[in-house]
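Asks: Have a look at this one before I ask anything.
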Amino acid sequence: MAQRPQRRPIKSDLGSLAHEAASRGDLQTSRRFLEEARRQDKTNADHAANHAAVCERMGDVDAALAALTDTLRLRPALEVAARRLSALLTRYDPRTPENLDPFGLRIALGFDTLDHAPVAGAALARLKKTTRLGALLEEGHASGFAAVARGLVQRRTDDVLKDDLLLTALEKGIVKDPRLELLFSALRRTLLLDVPVDRFEDKALTRFAVALMAQTINNSHVWHADTTEEAALAALTIDGVGLAAGEFEPSRRLLLAALYRPLDVIASELSAQALAALRPKAFRELVATHLTERRDENRIAAGIETLAAIEDVTSKRVAGQYEQAPYPRWTSLMLPAPRAIRQALVPFVGADKLGFFEQPFDVLIAGCGTGRQALQTAVGFGPNARVLALDLSLASLAYAKRMAARHGISNITFARADILGLPRLGRRFRVIEAIGVLHHMGDPAAGLEALVECLEPGGLIYLGLYSKLSRGKIAELRKDPGYPGPDCSDAQARAYRGSLMQREELKPELPGMGFLGSRDFYSLNEFRDLVLHQSERQHTLPEIEGMLGESGLTFRGFTHESIVRKAFAQRFPDNPWPGRLADWHVFEEANPRIFDAMYRFWCEKTA
């Protein structure tokens, strides 16, 4: 009797077989079953999501990213897939962005509970690979971006500017590619100087212009404008009466001005009736949202309490900088799971020292800025944490408080205070965070002593200090003959930034190199923080070791990726975790970019 052929697993079986294989650690077999399941049923979001998870466990990040975008295309409401996509893109640049599903990327950018920036970056990377955008960048680099820009909009709106993914990426993220910046700033210039008035009746052109305006809001109007553009802007009068009457030409003029200047400056004297009549609708809604947010922040700032007066000279200068340029103006946020920080702390202090999570405890965020990390901390520590977030800048605090309300985070209080005055409050905290703060003080060691005085015995403190080794290039800029100084105007800051761009040859491999590789280079407020700060001190690890010893703190470890920890352990096998700071100093000298400009580490108050 002939043997019957073996039955091929049907699609309903394949998911179970994949799960069983993954459960016993056979990821290769699990992946093979899932790939077959997806071939048999191209509409099954569960198979795509499970495929992404298995590929990620196997270390195939590109396949995981592609499967996650497929998942979102098939099931747009699956927020967890969008959050995982953003989390992976935060850590990895896709090597094959062309495999990412464009609809899935757009869906991810629609969620406010994740970081849009890495997703928008991946979307632009995909567009460079799959549309004419890549060829246009090469053409512009070779022959000039002005001619390319005119060809895209002067007579008709090119299809490349109508792409929904491009428009969404401009609206939701910040362009952090130097060639793309040159193209889009050239397009802005062309819209202002070269495009005939009647061309703005083209809905596709105005749709792109509004998306470009959203981009300039996101980047704090960081792009440099030449003297011709400045002259055209100066001559660009806006007729409020015409606006109120619903005329299109005043709307066009305001839109062009908003590509270059903050809305709360250029629209401050326009009536509510005029603003309500703006055309097109997308422009009107963007203006209304932005102006409402600024008004809300002004109202919130007026009600924020000052706990410790700002008397130190350096603190006053730093406060002035952040009043004018709050850092950073973020729009989306990846929140951790409640109490996720407890598990993350186990490698640093052990589970036995984390019992305080079970009762109400006090957390201090010293220098919270605009609140991005403070809100993540408040959620990550969980509902038992009573978080006090302090900063020198009312503008920053108001932004943070508005965003806390937007995300429904209620276990955090915001107040204005100078770190140096905190001991006079007589309060003690179980945990203190001071990331990117002490190195902007006139005397960082005195600031650390003030914080430690407010820390409970056995309490934990999370510190972030600039590395002298990896930020050496920033320090050298202050000796540059063209350095405009921290008190320079926004126009001077833009011009200086433009000169820095010209110094670095624009090569495709630039991200990660020099200034153009810094994520803070592509927004004006962040550029000021990066290059034009009122006060900055940098440290070496031996210096930090001395500061910790004088303050009675015990080093408990850097918050590095596991791959860095493994590399350190291989280099110093006799130095158990968390390792001696002297050895980390040797390790950094051999790997100057290992700390990405800032040391971030946990300490315990043991003395």
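Scheme for the structure tokens: letters A, B, ... for chains in order shown; per-chain residue numbers from 1; ligand numbers from 1 in order shown.
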Skip A:Gln154 itself and residues of its chain fewer than 3 positions away, then list as a ChimeraX atom specification all residues within 8 Å of it, counting only C-alpha atoms.
Replies: /A:150-151,157,190,194-196,199
Asks: Could you tell me how far atom CA of A:Arg329 sits from atom CA of A:Asp264, in Å to one decimal place?
Replies: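 These atoms are spaced 14.9 Å apart.
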Asks: Excluding A:Phe200 and any residue of its chain fewer than 2 positions from it, enumerate the residues within 10 Å of it, using only C-alpha atoms, and give them as a short mmCIF file (atom, residue, chain, number, x, y, z; two decimals) with N, CA, C and O atoms, in the first residue's frame.
Replies:
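Once everything was written out, this is result_22.cif:
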data_model
loop_
_atom_site.label_atom_id
_atom_site.label_comp_id
_atom_site.auth_asym_id
_atom_site.auth_seq_id
_atom_site.Cartn_x
_atom_site.Cartn_y
_atom_site.Cartn_z
N LEU A 191 9.55 79.23 -2.77
CA LEU A 191 8.17 79.62 -2.48
C LEU A 191 8.08 81.11 -2.19
O LEU A 191 7.13 81.79 -2.59
N VAL A 195 7.93 81.64 -6.86
CA VAL A 195 6.67 81.02 -7.28
C VAL A 195 5.62 82.11 -7.50
O VAL A 195 5.36 82.92 -6.60
N PRO A 196 5.00 82.15 -8.66
CA PRO A 196 3.95 83.16 -8.93
C PRO A 196 2.80 83.03 -7.94
O PRO A 196 2.49 81.94 -7.43
N VAL A 197 2.14 84.16 -7.70
CA VAL A 197 1.05 84.21 -6.72
C VAL A 197 -0.04 83.21 -7.07
O VAL A 197 -0.55 82.49 -6.19
N ASP A 198 -0.42 83.15 -8.36
CA ASP A 198 -1.54 82.28 -8.73
C ASP A 198 -1.23 80.79 -8.56
O ASP A 198 -2.14 79.98 -8.50
N ASP A 202 -3.05 76.19 -6.24
CA ASP A 202 -2.86 74.75 -6.38
C ASP A 202 -2.88 74.11 -4.98
O ASP A 202 -2.02 74.39 -4.14
N LYS A 203 -3.86 73.28 -4.74
CA LYS A 203 -4.02 72.68 -3.41
C LYS A 203 -2.81 71.84 -3.03
O LYS A 203 -2.43 71.78 -1.86
N ALA A 204 -2.21 71.17 -4.00
CA ALA A 204 -1.04 70.34 -3.69
C ALA A 204 0.13 71.20 -3.22
O ALA A 204 0.87 70.82 -2.31
N LEU A 205 0.29 72.38 -3.84
CA LEU A 205 1.38 73.26 -3.44
C LEU A 205 1.15 73.80 -2.03
O LEU A 205 2.08 73.80 -1.21
N THR A 206 -0.06 74.26 -1.74
CA THR A 206 -0.32 74.79 -0.40
C THR A 206 -0.25 73.67 0.64
O THR A 206 0.17 73.90 1.78
N ARG A 207 -0.65 72.47 0.27
CA ARG A 207 -0.54 71.34 1.20
C ARG A 207 0.91 71.11 1.56
O ARG A 207 1.24 70.88 2.74
N ALA A 209 3.33 73.39 1.35
CA ALA A 209 3.80 74.56 2.08
C ALA A 209 3.40 74.49 3.55
O ALA A 209 4.18 74.86 4.44
N PHE A 248 -7.59 85.43 0.01
CA PHE A 248 -6.55 84.40 0.00
C PHE A 248 -5.14 85.00 0.04
O PHE A 248 -4.25 84.44 0.69
N GLU A 249 -4.91 86.15 -0.59
CA GLU A 249 -3.57 86.71 -0.67
C GLU A 249 -2.97 87.01 0.70
O GLU A 249 -1.80 86.68 0.94
N ARG A 252 -1.79 83.77 2.08
CA ARG A 252 -0.54 83.33 1.42
C ARG A 252 0.66 84.04 2.03
O ARG A 252 1.70 83.41 2.30
#
Asks: Any idea what's packed within 12 Å of stretch 71-85 of chain A, counting only C-alpha atoms, ignoring anything in its chain fewer than 5 positions away? Could you give it as a PyMOL selection string?
Replies: chain A and resi 38+41-53+56+61-66+90-94+100-120+122-123+332-337
Asks: Which residues of stretch 354-467 of chain A come within 9 Å of stretch 301-309 of chain A, and what is each one's closest atom pair and distance in Å (one decimal), counting only C-alpha atoms, sorted by chain and residue number, as JSON lines?
Replies:
{"residue": "A:Leu390", "atom": "CA", "partner": "A:Leu307", "partner_atom": "CA", "distance": 8.8}
{"residue": "A:Leu394", "atom": "CA", "partner": "A:Ala301", "partner_atom": "CA", "distance": 5.5}
{"residue": "A:Ala395", "atom": "CA", "partner": "A:Ala301", "partner_atom": "CA", "distance": 6.4}
{"residue": "A:Ser396", "atom": "CA", "partner": "A:Ala301", "partner_atom": "CA", "distance": 8.8}
{"residue": "A:Leu397", "atom": "CA", "partner": "A:Ala301", "partner_atom": "CA", "distance": 7.1}
{"residue": "A:Ala398", "atom": "CA", "partner": "A:Ala301", "partner_atom": "CA", "distance": 5.0}
{"residue": "A:Tyr399", "atom": "CA", "partner": "A:Ala301", "partner_atom": "CA", "distance": 8.5}
{"residue": "A:Lys401", "atom": "CA", "partner": "A:Ala301", "partner_atom": "CA", "distance": 8.9}
{"residue": "A:Phe414", "atom": "CA", "partner": "A:Ile304", "partner_atom": "CA", "distance": 7.1}
{"residue": "A:Ala415", "atom": "CA", "partner": "A:Glu305", "partner_atom": "CA", "distance": 5.2}
{"residue": "A:Arg416", "atom": "CA", "partner": "A:Thr306", "partner_atom": "CA", "distance": 4.5}
{"residue": "A:Ala417", "atom": "CA", "partner": "A:Ala308", "partner_atom": "CA", "distance": 4.4}
{"residue": "A:Asp418", "atom": "CA", "partner": "A:Ala308", "partner_atom": "CA", "distance": 5.7}
{"residue": "A:Ile419", "atom": "CA", "partner": "A:Ala308", "partner_atom": "CA", "distance": 7.9}
{"residue": "A:Leu420", "atom": "CA", "partner": "A:Ala308", "partner_atom": "CA", "distance": 8.3}
{"residue": "A:Gly421", "atom": "CA", "partner": "A:Ala308", "partner_atom": "CA", "distance": 5.3}
{"residue": "A:Leu422", "atom": "CA", "partner": "A:Ala308", "partner_atom": "CA", "distance": 6.4}
{"residue": "A:Arg424", "atom": "CA", "partner": "A:Ala308", "partner_atom": "CA", "distance": 8.1}
{"residue": "A:Leu425", "atom": "CA", "partner": "A:Leu307", "partner_atom": "CA", "distance": 7.7}
Asks: Quick one: everything within 9 Å of stretch 358-361 of chain A, counting only C-alpha atoms, minus sequence neighbours fewer than 6 positions away in the same chain. Send it as a short mmCIF file (atom, residue, chain, number, x, y, z; two decimals) with all heavy atoms, in the first residue's frame.
Replies:
data_model
loop_
_atom_site.label_atom_id
_atom_site.label_comp_id
_atom_site.auth_asym_id
_atom_site.auth_seq_id
_atom_site.Cartn_x
_atom_site.Cartn_y
_atom_site.Cartn_z
N PRO A 383 2.81 54.86 40.41
CA PRO A 383 1.90 55.77 41.13
C PRO A 383 2.32 56.09 42.55
O PRO A 383 1.86 57.08 43.12
CB PRO A 383 0.55 55.03 41.09
CG PRO A 383 0.91 53.59 40.87
CD PRO A 383 2.14 53.59 40.02
N ASN A 384 3.16 55.27 43.17
CA ASN A 384 3.62 55.57 44.53
C ASN A 384 4.65 56.70 44.57
O ASN A 384 4.96 57.22 45.64
CB ASN A 384 4.20 54.32 45.19
CG ASN A 384 3.12 53.40 45.70
OD1 ASN A 384 1.99 53.82 45.93
ND2 ASN A 384 3.45 52.13 45.87
N ALA A 385 5.20 57.03 43.42
CA ALA A 385 6.21 58.09 43.36
C ALA A 385 5.54 59.46 43.38
O ALA A 385 4.62 59.73 42.60
CB ALA A 385 7.06 57.94 42.10
N ARG A 386 6.01 60.32 44.28
CA ARG A 386 5.58 61.71 44.32
C ARG A 386 6.72 62.53 43.76
O ARG A 386 7.73 62.77 44.43
CB ARG A 386 5.25 62.12 45.76
CG ARG A 386 4.10 61.30 46.36
CD ARG A 386 3.87 61.61 47.81
NE ARG A 386 5.04 61.27 48.63
CZ ARG A 386 4.98 60.87 49.89
NH1 ARG A 386 3.81 60.71 50.48
NH2 ARG A 386 6.08 60.61 50.57
N VAL A 387 6.56 62.95 42.50
CA VAL A 387 7.67 63.55 41.76
C VAL A 387 7.58 65.08 41.81
O VAL A 387 6.53 65.66 41.50
CB VAL A 387 7.65 63.08 40.30
CG1 VAL A 387 8.81 63.70 39.52
CG2 VAL A 387 7.72 61.56 40.23
N PHE A 429 14.62 63.33 49.66
CA PHE A 429 14.08 62.53 48.55
C PHE A 429 14.75 61.16 48.53
O PHE A 429 15.95 61.04 48.82
CB PHE A 429 14.32 63.25 47.22
CG PHE A 429 13.65 64.59 47.15
CD1 PHE A 429 14.31 65.73 47.60
CD2 PHE A 429 12.36 64.72 46.66
CE1 PHE A 429 13.70 66.98 47.55
CE2 PHE A 429 11.74 65.95 46.60
CZ PHE A 429 12.40 67.09 47.05
N ARG A 430 13.95 60.16 48.16
CA ARG A 430 14.49 58.80 48.05
C ARG A 430 15.31 58.65 46.77
O ARG A 430 16.29 57.89 46.74
CB ARG A 430 13.33 57.79 48.04
CG ARG A 430 13.77 56.34 48.06
CD ARG A 430 14.44 55.98 49.37
NE ARG A 430 15.08 54.69 49.32
CZ ARG A 430 15.72 54.14 50.35
NH1 ARG A 430 15.78 54.79 51.49
NH2 ARG A 430 16.29 52.96 50.24
N VAL A 431 14.88 59.34 45.72
CA VAL A 431 15.58 59.28 44.44
C VAL A 431 15.69 60.70 43.89
O VAL A 431 14.75 61.49 43.99
CB VAL A 431 14.82 58.40 43.41
CG1 VAL A 431 15.61 58.32 42.10
CG2 VAL A 431 14.57 57.01 43.96
#
Asks: Please compute the atom CA of A:Arg565-atom CA of A:His585 distance, one decimal, in Å.
Replies: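 Interatomic distance, atom CA of A:Arg565 to atom CA of A:His585: 13.9 Å.
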Asks: I want to know what sits within 9 Å of A:Phe555, based on only C-alpha atoms, with residues of the same chain fewer than 2 positions away left out; could you give that as an mmCIF file with C-alpha atoms, in the first residue's frame?
Replies:
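Once everything was written out, this is selection.cif:
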data_model
loop_
_atom_site.group_PDB
_atom_site.id
_atom_site.type_symbol
_atom_site.label_atom_id
_atom_site.label_comp_id
_atom_site.auth_asym_id
_atom_site.auth_seq_id
_atom_site.Cartn_x
_atom_site.Cartn_y
_atom_site.Cartn_z
ATOM 1 C CA GLU A 545 35.387 59.943 40.826
ATOM 2 C CA LEU A 548 31.580 61.365 44.137
ATOM 3 C CA LEU A 553 28.329 58.732 46.888
ATOM 4 C CA GLY A 557 27.040 51.787 37.186
ATOM 5 C CA PHE A 558 26.545 53.441 33.811
ATOM 6 C CA PRO A 578 29.889 48.083 37.792
ATOM 7 C CA GLY A 579 33.623 48.422 37.224
ATOM 8 C CA ARG A 580 36.125 50.946 38.529
ATOM 9 C CA LEU A 581 35.888 54.451 37.114
ATOM 10 C CA PHE A 601 25.167 56.735 35.841
ATOM 11 C CA TRP A 602 23.547 55.730 39.123
ATOM 12 C CA CYS A 603 25.034 56.334 42.562
ATOM 13 C CA GLU A 604 23.978 55.474 46.108
#
Asks: Among stretch 57-275 of chain A, which ones does DSSP assign to helix (DSSP H, G or I) (computed from the backbone)? Answer as a PyMOL selection string.
Replies: chain A and resi 57+61-74+79-91+97-99+102-108+116-130+133-143+145-153+159-161+164-172+178-193+197-201+203-218+227-234+240-244+248-258+263-266+272-275
Asks: Contacts of stretch 11-28 of chain A at 8 Å or less, counting only C-alpha atoms, minus same-chain residues fewer than 3 places along, as a ChimeraX atom specification?
Replies: /A:31-34,36-37,40-41,47,54,57-58
Asks: Please produce an output containing C-alpha atoms for each residue in the selection, written as a PDB file, in the first residue's frame.
Replies:
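Dumped to result_10.pdb:
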ATOM      1  CA  ARG A  31      10.579  31.986  11.835  1.00  0.00           C
ATOM      2  CA  ARG A  32      10.244  29.485   9.009  1.00  0.00           C
ATOM      3  CA  PHE A  33       6.701  28.577  10.097  1.00  0.00           C
ATOM      4  CA  LEU A  34       5.731  32.232  10.379  1.00  0.00           C
ATOM      5  CA  GLU A  36       5.065  30.259   5.471  1.00  0.00           C
ATOM      6  CA  ALA A  37       1.997  31.395   7.416  1.00  0.00           C
ATOM      7  CA  GLN A  40      -0.483  31.596   2.897  1.00  0.00           C
ATOM      8  CA  ASP A  41      -2.408  34.436   4.564  1.00  0.00           C
ATOM      9  CA  HIS A  47       1.433  36.370  11.959  1.00  0.00           C
ATOM     10  CA  VAL A  54      10.947  36.338  16.429  1.00  0.00           C
ATOM     11  CA  ARG A  57      14.950  37.941  19.125  1.00  0.00           C
ATOM     12  CA  MET A  58      17.197  36.540  16.397  1.00  0.00           C
TER      13      MET A  58
END
Asks: Considering only C-alpha atoms, state which residue in the set A:Ala340, A:Lys473, A:Glu433, A:Lys353 is at the smallest distance from A:Leu388.
Replies: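 Closest candidate: A:Glu433.
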Asks: Set out as a Markdown table a contact list for stretch 192-261 of chain A and stretch 484-490 of chain A with a cut-off of 12 Å, giving each residue of stretch 192-261 of chain A that qualifies its closest atom pair and distance in Å to one decimal, counting only C-alpha atoms, ordered by chain and rising residue number.
Replies:
| residue | atom | partner | partner_atom | distance |
| --- | --- | --- | --- | --- |
| A:Ser220 | CA | A:Asp490 | CA | 10.0 |
| A:His221 | CA | A:Asp490 | CA | 9.1 |
| A:Val222 | CA | A:Asp490 | CA | 8.4 |
| A:Trp223 | CA | A:Asp490 | CA | 10.4 |
| A:His224 | CA | A:Asp490 | CA | 9.7 |
| A:Ala225 | CA | A:Asp490 | CA | 11.1 |
| A:Tyr260 | CA | A:Asp490 | CA | 11.4 |
| A:Arg261 | CA | A:Asp490 | CA | 10.4 |
Asks: Keeping N, CA and C atoms, export the residues of the selection given above as a tab-separated table (two decimals), in the first residue's frame.
Replies:
chain	number	residue	atom	x	y	z
A	220	SER	N	12.22	74.86	15.23
A	220	SER	CA	12.41	76.20	15.81
A	220	SER	C	12.99	77.19	14.80
A	221	HIS	N	12.65	77.01	13.52
A	221	HIS	CA	13.11	77.91	12.45
A	221	HIS	C	14.64	77.99	12.43
A	222	VAL	N	15.26	76.82	12.34
A	222	VAL	CA	16.72	76.75	12.42
A	222	VAL	C	17.41	77.02	11.09
A	223	TRP	N	16.70	76.91	9.96
A	223	TRP	CA	17.36	77.04	8.67
A	223	TRP	C	17.77	78.48	8.41
A	224	HIS	N	18.97	78.65	7.87
A	224	HIS	CA	19.51	79.98	7.58
A	224	HIS	C	18.82	80.59	6.37
A	225	ALA	N	18.56	81.90	6.44
A	225	ALA	CA	17.99	82.65	5.32
A	225	ALA	C	19.02	83.67	4.85
A	260	TYR	N	9.37	81.20	8.10
A	260	TYR	CA	10.63	81.79	8.55
A	260	TYR	C	10.61	82.28	10.00
A	261	ARG	N	9.44	82.62	10.51
A	261	ARG	CA	9.37	83.26	11.81
A	261	ARG	C	8.33	82.58	12.69
